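Text of start_0.txt, listed as compact mmCIF, C-alpha atoms and all ligand atoms:
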# COMPACT_ATOMS: atom_id res chain seq x y z
CA MET O 84 -59.97 -69.52 -38.50
CA PHE O 85 -59.89 -66.16 -36.73
CA GLU O 86 -63.68 -65.56 -36.70
CA GLN O 87 -64.25 -67.19 -33.32
CA LEU O 88 -61.99 -64.60 -31.66
CA PHE O 89 -64.55 -61.85 -32.20
CA THR O 90 -68.19 -61.69 -31.21
CA PRO O 91 -70.18 -59.49 -33.60
CA HIS O 92 -72.56 -56.97 -32.01
CA ALA O 93 -76.05 -57.84 -33.13
CA ASN O 94 -78.44 -55.30 -34.65
CA SER O 95 -76.22 -52.34 -35.27
CA ASP O 96 -78.34 -49.17 -35.31
CA PRO O 97 -79.25 -48.29 -38.92
CA ASN O 98 -79.85 -44.67 -37.88
CA VAL O 99 -76.25 -44.05 -36.91
CA PRO O 100 -74.80 -42.14 -39.85
CA THR O 101 -71.78 -43.74 -41.45
CA ILE O 102 -68.65 -41.62 -41.84
CA ARG O 103 -67.54 -41.36 -45.44
CA PRO O 104 -63.96 -42.49 -45.90
CA ARG O 105 -61.67 -40.04 -47.70
CA LYS O 106 -60.75 -41.86 -50.89
CA GLY O 107 -57.97 -40.80 -53.24
CA VAL O 108 -56.56 -42.34 -56.41
CA ILE O 109 -52.99 -41.71 -57.54
CA ILE O 110 -52.54 -42.38 -61.25
CA GLY O 111 -48.92 -43.10 -62.11
CA ALA O 112 -46.92 -45.12 -59.60
CA GLY O 113 -43.55 -43.76 -60.71
CA GLN O 114 -41.10 -41.64 -58.73
CA VAL O 115 -43.53 -38.76 -58.24
CA GLY O 116 -46.66 -40.83 -57.67
CA MET O 117 -44.94 -42.94 -55.02
CA ALA O 118 -43.39 -39.93 -53.28
CA CYS O 119 -46.93 -38.51 -53.08
CA ALA O 120 -48.30 -41.85 -51.84
CA TYR O 121 -45.67 -42.18 -49.12
CA SER O 122 -46.10 -38.61 -47.93
CA LEU O 123 -49.92 -38.87 -47.94
CA LEU O 124 -49.68 -42.13 -45.99
CA ILE O 125 -47.40 -40.88 -43.25
CA GLN O 126 -49.39 -37.66 -42.88
CA ASN O 127 -52.71 -39.53 -42.59
CA CYS O 128 -54.45 -37.71 -45.43
CA LEU O 129 -56.57 -40.52 -46.83
CA ASP O 130 -58.61 -43.43 -45.49
CA GLU O 131 -58.44 -45.27 -48.80
CA MET O 132 -55.60 -44.91 -51.26
CA VAL O 133 -55.75 -46.53 -54.69
CA LEU O 134 -52.67 -46.72 -56.90
CA GLN O 135 -53.19 -47.00 -60.67
CA ASP O 136 -50.51 -47.61 -63.31
CA ILE O 137 -50.30 -49.36 -66.67
CA ASN O 138 -47.41 -51.33 -65.24
CA THR O 139 -49.60 -53.65 -63.18
CA ASP O 140 -46.76 -55.67 -61.61
CA LYS O 141 -45.01 -52.55 -60.41
CA VAL O 142 -48.15 -50.99 -58.99
CA GLU O 143 -49.05 -54.24 -57.14
CA GLY O 144 -45.55 -54.30 -55.66
CA GLU O 145 -45.72 -50.64 -54.64
CA ALA O 146 -49.11 -51.17 -52.95
CA MET O 147 -47.81 -54.23 -51.06
CA ASP O 148 -44.69 -52.39 -49.94
CA LEU O 149 -46.69 -49.40 -48.63
CA ARG O 150 -49.31 -51.64 -46.98
CA HIS O 151 -46.63 -53.29 -44.86
CA GLY O 152 -45.89 -49.85 -43.41
CA VAL O 153 -49.48 -49.36 -42.21
CA PRO O 154 -48.84 -50.77 -38.70
CA PHE O 155 -46.41 -47.89 -38.15
CA VAL O 156 -48.85 -45.09 -39.05
CA GLU O 157 -52.53 -44.13 -38.87
CA SER O 158 -54.59 -46.70 -40.74
CA THR O 159 -55.03 -46.28 -44.49
CA THR O 160 -56.41 -48.95 -46.83
CA ILE O 161 -54.06 -49.23 -49.79
CA LYS O 162 -55.01 -51.00 -53.01
CA ALA O 163 -53.72 -51.36 -56.53
CA GLY O 164 -56.61 -50.72 -58.88
CA THR O 165 -58.17 -48.15 -61.17
CA VAL O 166 -60.72 -45.35 -61.05
CA ALA O 167 -63.17 -47.84 -62.56
CA ASP O 168 -62.96 -50.37 -59.70
CA ALA O 169 -61.34 -49.80 -56.29
CA GLY O 170 -61.02 -46.07 -57.00
CA LYS O 171 -64.63 -45.54 -58.09
CA ASP O 172 -66.28 -42.42 -56.63
CA ALA O 173 -63.03 -41.13 -55.19
CA ASP O 174 -63.00 -37.66 -53.60
CA LEU O 175 -59.69 -36.87 -55.18
CA VAL O 176 -57.68 -38.07 -58.18
CA ILE O 177 -54.01 -37.15 -58.44
CA MET O 178 -52.58 -37.41 -61.92
CA THR O 179 -48.84 -38.11 -62.00
CA ALA O 180 -48.74 -40.49 -65.00
CA GLY O 181 -46.63 -39.57 -67.92
CA ALA O 182 -43.25 -38.94 -69.41
CA LYS O 183 -40.74 -36.96 -67.41
CA GLN O 184 -37.96 -34.58 -68.52
CA LYS O 185 -34.70 -36.11 -69.65
CA PRO O 186 -31.57 -34.07 -68.93
CA GLY O 187 -31.67 -31.03 -71.24
CA GLU O 188 -35.44 -31.27 -71.96
CA THR O 189 -37.83 -28.51 -70.93
CA ARG O 190 -41.18 -29.29 -69.36
CA LEU O 191 -42.92 -28.04 -72.50
CA ASP O 192 -41.07 -30.70 -74.55
CA LEU O 193 -43.22 -33.37 -72.89
CA VAL O 194 -46.55 -32.06 -74.07
CA ASN O 195 -47.47 -34.40 -76.94
CA ARG O 196 -46.46 -37.57 -75.13
CA ASN O 197 -48.50 -36.62 -72.09
CA VAL O 198 -51.59 -35.40 -73.97
CA LYS O 199 -51.79 -38.91 -75.48
CA ILE O 200 -51.77 -40.48 -72.00
CA PHE O 201 -54.32 -38.00 -70.66
CA LYS O 202 -56.68 -38.79 -73.53
CA GLN O 203 -56.64 -42.44 -72.35
CA VAL O 204 -57.23 -41.64 -68.70
CA ILE O 205 -59.28 -38.46 -68.13
CA GLY O 206 -62.50 -39.86 -69.67
CA ASP O 207 -62.48 -42.68 -67.11
CA ILE O 208 -61.93 -40.24 -64.25
CA ALA O 209 -64.93 -38.17 -65.37
CA LYS O 210 -67.05 -41.30 -65.79
CA TYR O 211 -66.20 -43.16 -62.59
CA CYS O 212 -65.28 -40.31 -60.22
CA PRO O 213 -67.71 -37.61 -61.37
CA HIS O 214 -67.49 -35.61 -58.13
CA ALA O 215 -63.74 -35.79 -57.60
CA VAL O 216 -61.33 -32.91 -57.37
CA LEU O 217 -58.69 -33.58 -60.02
CA LEU O 218 -55.16 -32.56 -59.08
CA VAL O 219 -52.68 -32.62 -61.95
CA VAL O 220 -48.95 -33.02 -61.33
CA SER O 221 -47.67 -34.38 -64.68
CA ASN O 222 -45.69 -31.89 -66.74
CA PRO O 223 -45.99 -29.48 -68.37
CA VAL O 224 -48.39 -29.06 -65.48
CA ASP O 225 -50.17 -25.89 -66.64
CA ILE O 226 -50.87 -27.37 -70.06
CA MET O 227 -51.92 -30.72 -68.62
CA THR O 228 -54.26 -28.93 -66.19
CA TYR O 229 -55.85 -27.10 -69.14
CA VAL O 230 -56.10 -30.40 -71.08
CA SER O 231 -57.69 -32.12 -68.05
CA LEU O 232 -60.23 -29.34 -67.65
CA LYS O 233 -61.27 -29.58 -71.30
CA LEU O 234 -61.32 -33.39 -71.45
CA SER O 235 -63.13 -33.93 -68.14
CA GLY O 236 -65.87 -31.35 -68.55
CA PHE O 237 -65.55 -30.70 -64.77
CA GLU O 238 -66.27 -27.22 -63.44
CA ARG O 239 -63.18 -25.03 -63.18
CA SER O 240 -62.68 -25.16 -59.45
CA ARG O 241 -62.42 -28.97 -59.48
CA VAL O 242 -59.43 -29.14 -61.83
CA LEU O 243 -56.19 -27.72 -60.52
CA GLY O 244 -52.49 -28.31 -61.05
CA SER O 245 -49.65 -28.39 -58.55
CA GLY O 246 -48.41 -25.39 -60.53
CA THR O 247 -45.70 -23.36 -58.84
CA VAL O 248 -46.34 -24.75 -55.34
CA LEU O 249 -42.93 -26.42 -55.58
CA ASP O 250 -41.19 -23.36 -57.08
CA THR O 251 -42.71 -21.20 -54.33
CA ALA O 252 -41.35 -23.62 -51.74
CA ARG O 253 -37.91 -23.46 -53.38
CA PHE O 254 -38.11 -19.64 -53.38
CA ARG O 255 -39.03 -19.53 -49.69
CA TYR O 256 -36.30 -22.05 -48.89
CA VAL O 257 -33.60 -20.00 -50.63
CA LEU O 258 -34.86 -16.78 -49.00
CA GLY O 259 -34.77 -18.59 -45.66
CA GLU O 260 -31.15 -19.55 -46.23
CA LYS O 261 -30.22 -15.95 -47.11
CA THR O 262 -32.09 -14.33 -44.20
CA GLY O 263 -31.76 -16.97 -41.49
CA ILE O 264 -35.55 -16.97 -41.07
CA ALA O 265 -37.62 -20.17 -41.24
CA PRO O 266 -39.16 -20.53 -44.74
CA ARG O 267 -42.58 -20.97 -43.10
CA SER O 268 -42.35 -17.38 -41.80
CA ILE O 269 -41.55 -15.99 -45.24
CA HIS O 270 -44.36 -14.94 -47.57
CA ALA O 271 -43.28 -15.15 -51.17
CA TYR O 272 -44.77 -16.39 -54.44
CA ILE O 273 -43.59 -17.73 -57.74
CA ILE O 274 -46.38 -17.16 -60.25
CA GLY O 275 -47.11 -17.94 -63.90
CA GLU O 276 -45.88 -21.07 -65.66
CA HIS O 277 -44.29 -23.90 -63.70
CA GLY O 278 -41.32 -23.68 -66.03
CA ASP O 279 -38.87 -21.39 -67.72
CA SER O 280 -41.16 -18.33 -67.92
CA GLU O 281 -42.14 -18.37 -64.23
CA VAL O 282 -42.11 -15.06 -62.37
CA ALA O 283 -40.74 -14.33 -58.89
CA ALA O 284 -43.13 -11.75 -57.40
CA TRP O 285 -40.42 -9.81 -55.58
CA SER O 286 -42.70 -6.87 -54.86
CA LYS O 287 -44.84 -9.15 -52.68
CA VAL O 288 -42.08 -10.83 -50.65
CA ASN O 289 -42.51 -10.04 -46.98
CA ILE O 290 -41.29 -11.19 -43.58
CA ALA O 291 -43.38 -10.09 -40.60
CA GLY O 292 -44.98 -7.43 -42.76
CA MET O 293 -41.63 -6.01 -43.88
CA SER O 294 -41.19 -5.87 -47.59
CA LEU O 295 -38.03 -7.52 -48.82
CA GLY O 296 -38.28 -6.92 -52.51
CA ASN O 297 -38.44 -3.98 -54.82
CA ASP O 298 -40.33 -3.93 -58.07
CA SER O 299 -37.51 -4.78 -60.38
CA GLU O 300 -35.05 -7.58 -60.68
CA ASP O 301 -32.27 -5.18 -61.61
CA SER O 302 -30.52 -6.06 -58.44
CA GLU O 303 -28.10 -8.82 -59.32
CA LYS O 304 -28.80 -10.64 -56.08
CA PHE O 305 -32.53 -10.85 -56.76
CA ALA O 306 -31.96 -12.02 -60.32
CA GLN O 307 -29.55 -14.68 -59.09
CA ILE O 308 -32.08 -16.05 -56.61
CA SER O 309 -34.85 -16.11 -59.25
CA GLN O 310 -32.52 -18.05 -61.57
CA GLU O 311 -31.54 -20.50 -58.85
CA VAL O 312 -35.22 -21.23 -58.15
CA LYS O 313 -36.09 -21.52 -61.85
CA ASN O 314 -33.21 -23.91 -62.56
CA ALA O 315 -33.58 -26.06 -59.44
CA ALA O 316 -35.31 -28.94 -61.23
CA TYR O 317 -32.66 -29.03 -63.99
CA GLU O 318 -29.93 -29.18 -61.36
CA ILE O 319 -31.62 -32.07 -59.57
CA ILE O 320 -32.45 -33.96 -62.79
CA ASN O 321 -28.84 -33.63 -63.96
CA ARG O 322 -27.73 -35.30 -60.75
CA LYS O 323 -30.38 -37.90 -59.84
CA GLY O 324 -32.55 -38.12 -62.98
CA TYR O 325 -35.87 -36.96 -61.51
CA THR O 326 -37.36 -34.94 -58.67
CA SER O 327 -39.70 -36.54 -56.18
CA TYR O 328 -39.57 -35.84 -52.43
CA ALA O 329 -40.37 -32.13 -52.43
CA ILE O 330 -43.19 -32.49 -54.95
CA GLY O 331 -44.59 -35.34 -52.83
CA LEU O 332 -44.68 -33.02 -49.81
CA GLY O 333 -46.12 -30.17 -51.89
CA VAL O 334 -48.91 -32.38 -53.21
CA THR O 335 -49.66 -33.44 -49.63
CA ASP O 336 -50.05 -29.79 -48.64
CA ILE O 337 -52.55 -29.28 -51.47
CA VAL O 338 -54.44 -32.49 -50.63
CA GLN O 339 -54.76 -31.45 -46.98
CA ALA O 340 -56.08 -28.05 -48.02
CA ILE O 341 -58.71 -29.79 -50.16
CA LEU O 342 -59.82 -32.69 -47.97
CA ARG O 343 -59.66 -30.74 -44.70
CA ASP O 344 -61.39 -27.76 -46.34
CA GLN O 345 -58.63 -25.46 -45.09
CA SER O 346 -58.97 -22.50 -47.49
CA ARG O 347 -55.18 -22.19 -47.65
CA ILE O 348 -53.60 -19.82 -50.12
CA LEU O 349 -51.37 -21.84 -52.43
CA THR O 350 -49.88 -21.11 -55.84
CA VAL O 351 -51.74 -23.90 -57.62
CA SER O 352 -52.39 -23.75 -61.34
CA GLY O 353 -55.97 -22.91 -62.23
CA TYR O 354 -58.06 -21.62 -65.08
CA ILE O 355 -57.73 -17.89 -65.66
CA ASP O 356 -60.76 -16.39 -67.27
CA ASP O 357 -59.72 -12.77 -67.37
CA LEU O 358 -57.03 -11.35 -65.08
CA TYR O 359 -54.25 -8.86 -65.94
CA GLY O 360 -55.57 -9.18 -69.53
CA ILE O 361 -54.80 -12.92 -69.45
CA LYS O 362 -57.52 -15.21 -70.76
CA ASP O 363 -58.25 -18.89 -71.35
CA VAL O 364 -55.11 -20.42 -69.88
CA CYS O 365 -54.12 -22.32 -66.74
CA LEU O 366 -51.27 -20.88 -64.70
CA SER O 367 -50.37 -20.22 -61.10
CA LEU O 368 -51.45 -17.32 -58.93
CA PRO O 369 -52.11 -17.37 -55.19
CA THR O 370 -55.37 -19.29 -54.92
CA VAL O 371 -57.74 -20.21 -52.09
CA VAL O 372 -57.75 -24.03 -51.94
CA ASN O 373 -60.47 -25.90 -50.07
CA ARG O 374 -63.02 -28.72 -50.52
CA GLN O 375 -64.22 -27.13 -53.75
CA GLY O 376 -60.68 -27.31 -55.14
CA ALA O 377 -59.30 -24.02 -56.46
CA SER O 378 -62.13 -21.93 -55.09
CA CYS O 379 -60.89 -18.43 -55.96
CA THR O 380 -57.84 -16.65 -57.33
CA VAL O 381 -56.23 -13.76 -55.48
CA LYS O 382 -55.46 -10.76 -57.68
CA LEU O 383 -52.10 -9.50 -56.45
CA SER O 384 -51.20 -5.88 -57.04
CA LEU O 385 -48.03 -6.56 -58.99
CA SER O 386 -45.45 -4.10 -60.26
CA GLN O 387 -45.61 -3.21 -63.94
CA ILE O 388 -42.53 -5.32 -64.69
CA GLU O 389 -44.03 -8.33 -62.92
CA GLU O 390 -47.36 -7.94 -64.73
CA ASP O 391 -45.52 -7.81 -68.06
CA LYS O 392 -43.57 -10.94 -67.17
CA LEU O 393 -46.77 -12.71 -66.13
CA ARG O 394 -48.42 -11.82 -69.44
CA HIS O 395 -45.33 -13.14 -71.24
CA SER O 396 -45.61 -16.39 -69.26
CA ALA O 397 -49.28 -16.70 -70.29
CA LYS O 398 -48.29 -16.07 -73.91
CA VAL O 399 -45.73 -18.91 -73.79
CA LEU O 400 -48.46 -21.24 -72.50
CA HIS O 401 -50.99 -19.97 -75.03
CA GLU O 402 -48.72 -20.84 -77.92
CA VAL O 403 -48.66 -24.46 -76.71
CA ILE O 404 -52.42 -24.53 -76.07
CA ASP O 405 -53.11 -23.22 -79.57
CA ALA O 406 -51.20 -26.16 -81.05
CA LEU O 407 -53.00 -28.81 -78.95
CA ASP O 408 -55.10 -31.48 -80.62
CA LEU O 409 -57.77 -32.44 -78.10
CA GLU O 410 -60.08 -34.28 -80.56
P1 LIG W 1 -41.95 -41.97 -63.90
O1 LIG W 1 -41.53 -42.34 -65.28
O2 LIG W 1 -41.12 -42.44 -62.75
O3 LIG W 1 -43.45 -42.45 -63.65
C1 LIG W 1 -44.47 -42.28 -64.57
C2 LIG W 1 -45.44 -43.44 -64.36
O4 LIG W 1 -46.59 -43.21 -65.19
C3 LIG W 1 -44.85 -44.79 -64.75
O5 LIG W 1 -44.94 -45.69 -63.66
C4 LIG W 1 -45.72 -45.24 -65.92
O6 LIG W 1 -45.92 -46.64 -66.00
C5 LIG W 1 -47.03 -44.50 -65.62
N1 LIG W 1 -47.92 -44.36 -66.76
C6 LIG W 1 -47.63 -44.05 -68.04
N2 LIG W 1 -48.75 -44.08 -68.80
C7 LIG W 1 -49.77 -44.38 -67.96
C8 LIG W 1 -51.17 -44.55 -68.15
N3 LIG W 1 -51.74 -44.40 -69.35
N4 LIG W 1 -51.91 -44.88 -67.08
C9 LIG W 1 -51.34 -45.06 -65.86
N5 LIG W 1 -50.02 -44.90 -65.63
C10 LIG W 1 -49.25 -44.57 -66.68
O7 LIG W 1 -42.06 -40.38 -63.90
P2 LIG W 1 -42.08 -39.43 -62.60
O8 LIG W 1 -40.71 -39.03 -62.25
O9 LIG W 1 -42.96 -40.07 -61.58
O10 LIG W 1 -42.80 -38.13 -63.20
C11 LIG W 1 -44.18 -38.16 -63.51
C12 LIG W 1 -44.62 -36.81 -64.05
O11 LIG W 1 -44.57 -35.83 -63.01
C13 LIG W 1 -43.74 -36.26 -65.18
O12 LIG W 1 -44.56 -35.66 -66.16
C14 LIG W 1 -42.88 -35.24 -64.47
O13 LIG W 1 -42.37 -34.26 -65.35
C15 LIG W 1 -43.89 -34.68 -63.49
N6 LIG W 1 -43.35 -33.90 -62.38
C16 LIG W 1 -44.05 -32.80 -62.01
C17 LIG W 1 -43.60 -31.99 -60.98
C18 LIG W 1 -44.38 -30.74 -60.63
O14 LIG W 1 -43.91 -29.91 -59.84
N7 LIG W 1 -45.56 -30.56 -61.18
C19 LIG W 1 -42.41 -32.33 -60.30
C20 LIG W 1 -41.74 -33.48 -60.68
C21 LIG W 1 -42.21 -34.25 -61.74
Conversion result in structure tokens:
Amino acid sequence: MFEQLFTPHANSDPNVPTIRPRKGVIIGAGQVGMACAYSLLIQNCLDEMVLQDINTDKVEGEAMDLRHGVPFVESTTIKAGTVADAGKDADLVIMTAGAKQKPGETRLDLVNRNVKIFKQVIGDIAKYCPHAVLLVVSNPVDIMTYVSLKLSGFERSRVLGSGTVLDTARFRYVLGEKTGIAPRSIHAYIIGEHGDSEVAAWSKVNIAGMSLGNDSEDSEKFAQISQEVKNAAYEIINRKGYTSYAIGLGVTDIVQAILRDQSRILTVSGYIDDLYGIKDVCLSLPTVVNRQGASCTVKLSLSQIEEDKLRHSAKVLHEVIDALDLE
């Protein structure tokens, strides 16, 4: 009916190279997956977005709802599907499927439930999207990043977790409130586990080159801020049942760094081979993120106390990894 409105141009030149669309799959169309999808859509990060969920009605509805927003933003093709069909050969797969914390639960409590889900899904990602960068968001994110690395067989740089990107944002936000400086002008990192053993690297906090921290958390004020950052998710979950918007924006930042090859330094979770005496674990340290994924880890010169805390964080994660059944 509409065909006669358009006259096709005959003989398009076969030598004109085609531009590859940026294709991303979001697995898990729950609160986090959809906050990521919405943020990625309005910030024009993908040309093709595929939403995958075991709840097929919900994921169809979510895709329809987002699609109707396309006339308001830069064009993105949005489909409900899987990595095996519409999502095949994606550049990026974002894993948000899985159980979430109930009030009172730690992130580490989720591990067995989410390993089961990852066993169902990661094989398909490796098979149908063999060149993708795999970004893990499901909790406990450091463990699930490690599990994804082992189950996918991908090289290390191509499997990364959102790690403490969100905690670092919370840290910078709180410091911004205390100092009256915009969080974007504050350099500060939360490192280690995205969870209860995370470490605020106070010795590395700086604003315009001025150091803000000292090397201990003896100061009550510093300890209070670290606690506030660490407990932020519990506070939100107690009130609204989940967290979503800030992680959606954080994931978007990581996706932009990857697909636009930005080489940004972000505290994503990546595989640590041998740093500070820490081996064979995934955790967060400042990392250069670009088209290769987590392309290299920055070795911060930490204070002795911070190094000890980081090793403790790795030990907490190791104990969980040692109990994993990945067969
Ligand atoms: P949710 O319950 O709202 O959504 C989870 C979705 O996963 C559901 O739609 C469910 O149907 C889907 N799902 C389950 N099994 C699946 C499978 N095999 N294949 C495809 N989809 C499947 O939960 P949420 O609030 O969106 O949280 C998702 C995860 O993200 C949780 O593990 C949560 O702890 C984590 N999270 C991480 C961060 C972070 O900073 N890394 C922040 C917030 C939440």
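With all atoms listed in the file as the atoms that count, the residue of O:Asp192, O:Thr160, O:Ala120, O:Val108 with the shortest distance to Val334 in chain O is O:Ala120.
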Per-residue nearest contacts range 285-337 of chain O to range 347-369 of chain O, cut-off 12 Å, using only C-alpha atoms, as CSV:
residue,atom,partner,partner_atom,distance
O:Lys287,CA,O:Pro369,CA,11.3
O:Gly333,CA,O:Leu349,CA,9.9
O:Val334,CA,O:Val351,CA,10.0
O:Asp336,CA,O:Leu349,CA,8.9
O:Ile337,CA,O:Leu349,CA,7.6
Q: Find the residue from O:Asn373, O:Gln184, O:Thr262, O:Ser396 that sits nearest to ligand LIG 1 (chain W); use only C-alpha atoms and all ligand atoms when measuring.
A: O:Gln184
Q: Return the single residue from O:Leu191, O:Leu217, O:Cys128, O:Val204 that is closest to ligand LIG 1 (chain W), with distances computed using only C-alpha atoms and all ligand atoms.
A: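 Counting only C-alpha atoms and all ligand atoms, the residue closest to ligand LIG 1 (chain W) is O:Val204.
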Q) Between CA of Ser378 in chain O and CA of His270 in chain O, what is the distance, to one decimal in Å? A)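 Taking CA of Ser378 in chain O and CA of His270 in chain O, their separation equals 20.5 Å.
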Q: Set the cut-off to 8 Å, count all atoms listed in the file, and list whatever residues fall near ligand LIG 1 (chain W) as a PyMOL selection string.
A: chain O and resi 110-117+135-138+141-142+179-184+190+193+197+200-201+203-204+219-224+244-250+277+316+325-327+330
Q. What does the distance from CA of Ala209 in chain O to CA of Phe237 in chain O come to in Å, to one decimal?
A.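 CA of Phe237 in chain O lies at a distance of 7.5 Å from CA of Ala209 in chain O.
Comparing O:Ala271, O:Ala397, O:Ser240, O:His214 by their smallest distance to Val372 in chain O, the closest is O:Ser240 (using all atoms listed in the file).
Comparing O:Met293, O:Ile319, O:Met147, O:Val399 by their smallest distance to Asp279 in chain O, the closest is O:Val399 (using all atoms listed in the file).
Nearest-residue note for Val282 in chain O: choosing from O:Leu342, O:Leu149, O:Ala173, O:Ile388, the minimum distance belongs to O:Ile388, counting all atoms listed in the file.
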Q) Expressed in Å to a single decimal, how great is the separation between CA of Arg105 in chain O and CA of Lys171 in chain O? A)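 Value for the CA of Arg105 in chain O-CA of Lys171 in chain O distance: 12.1 Å.
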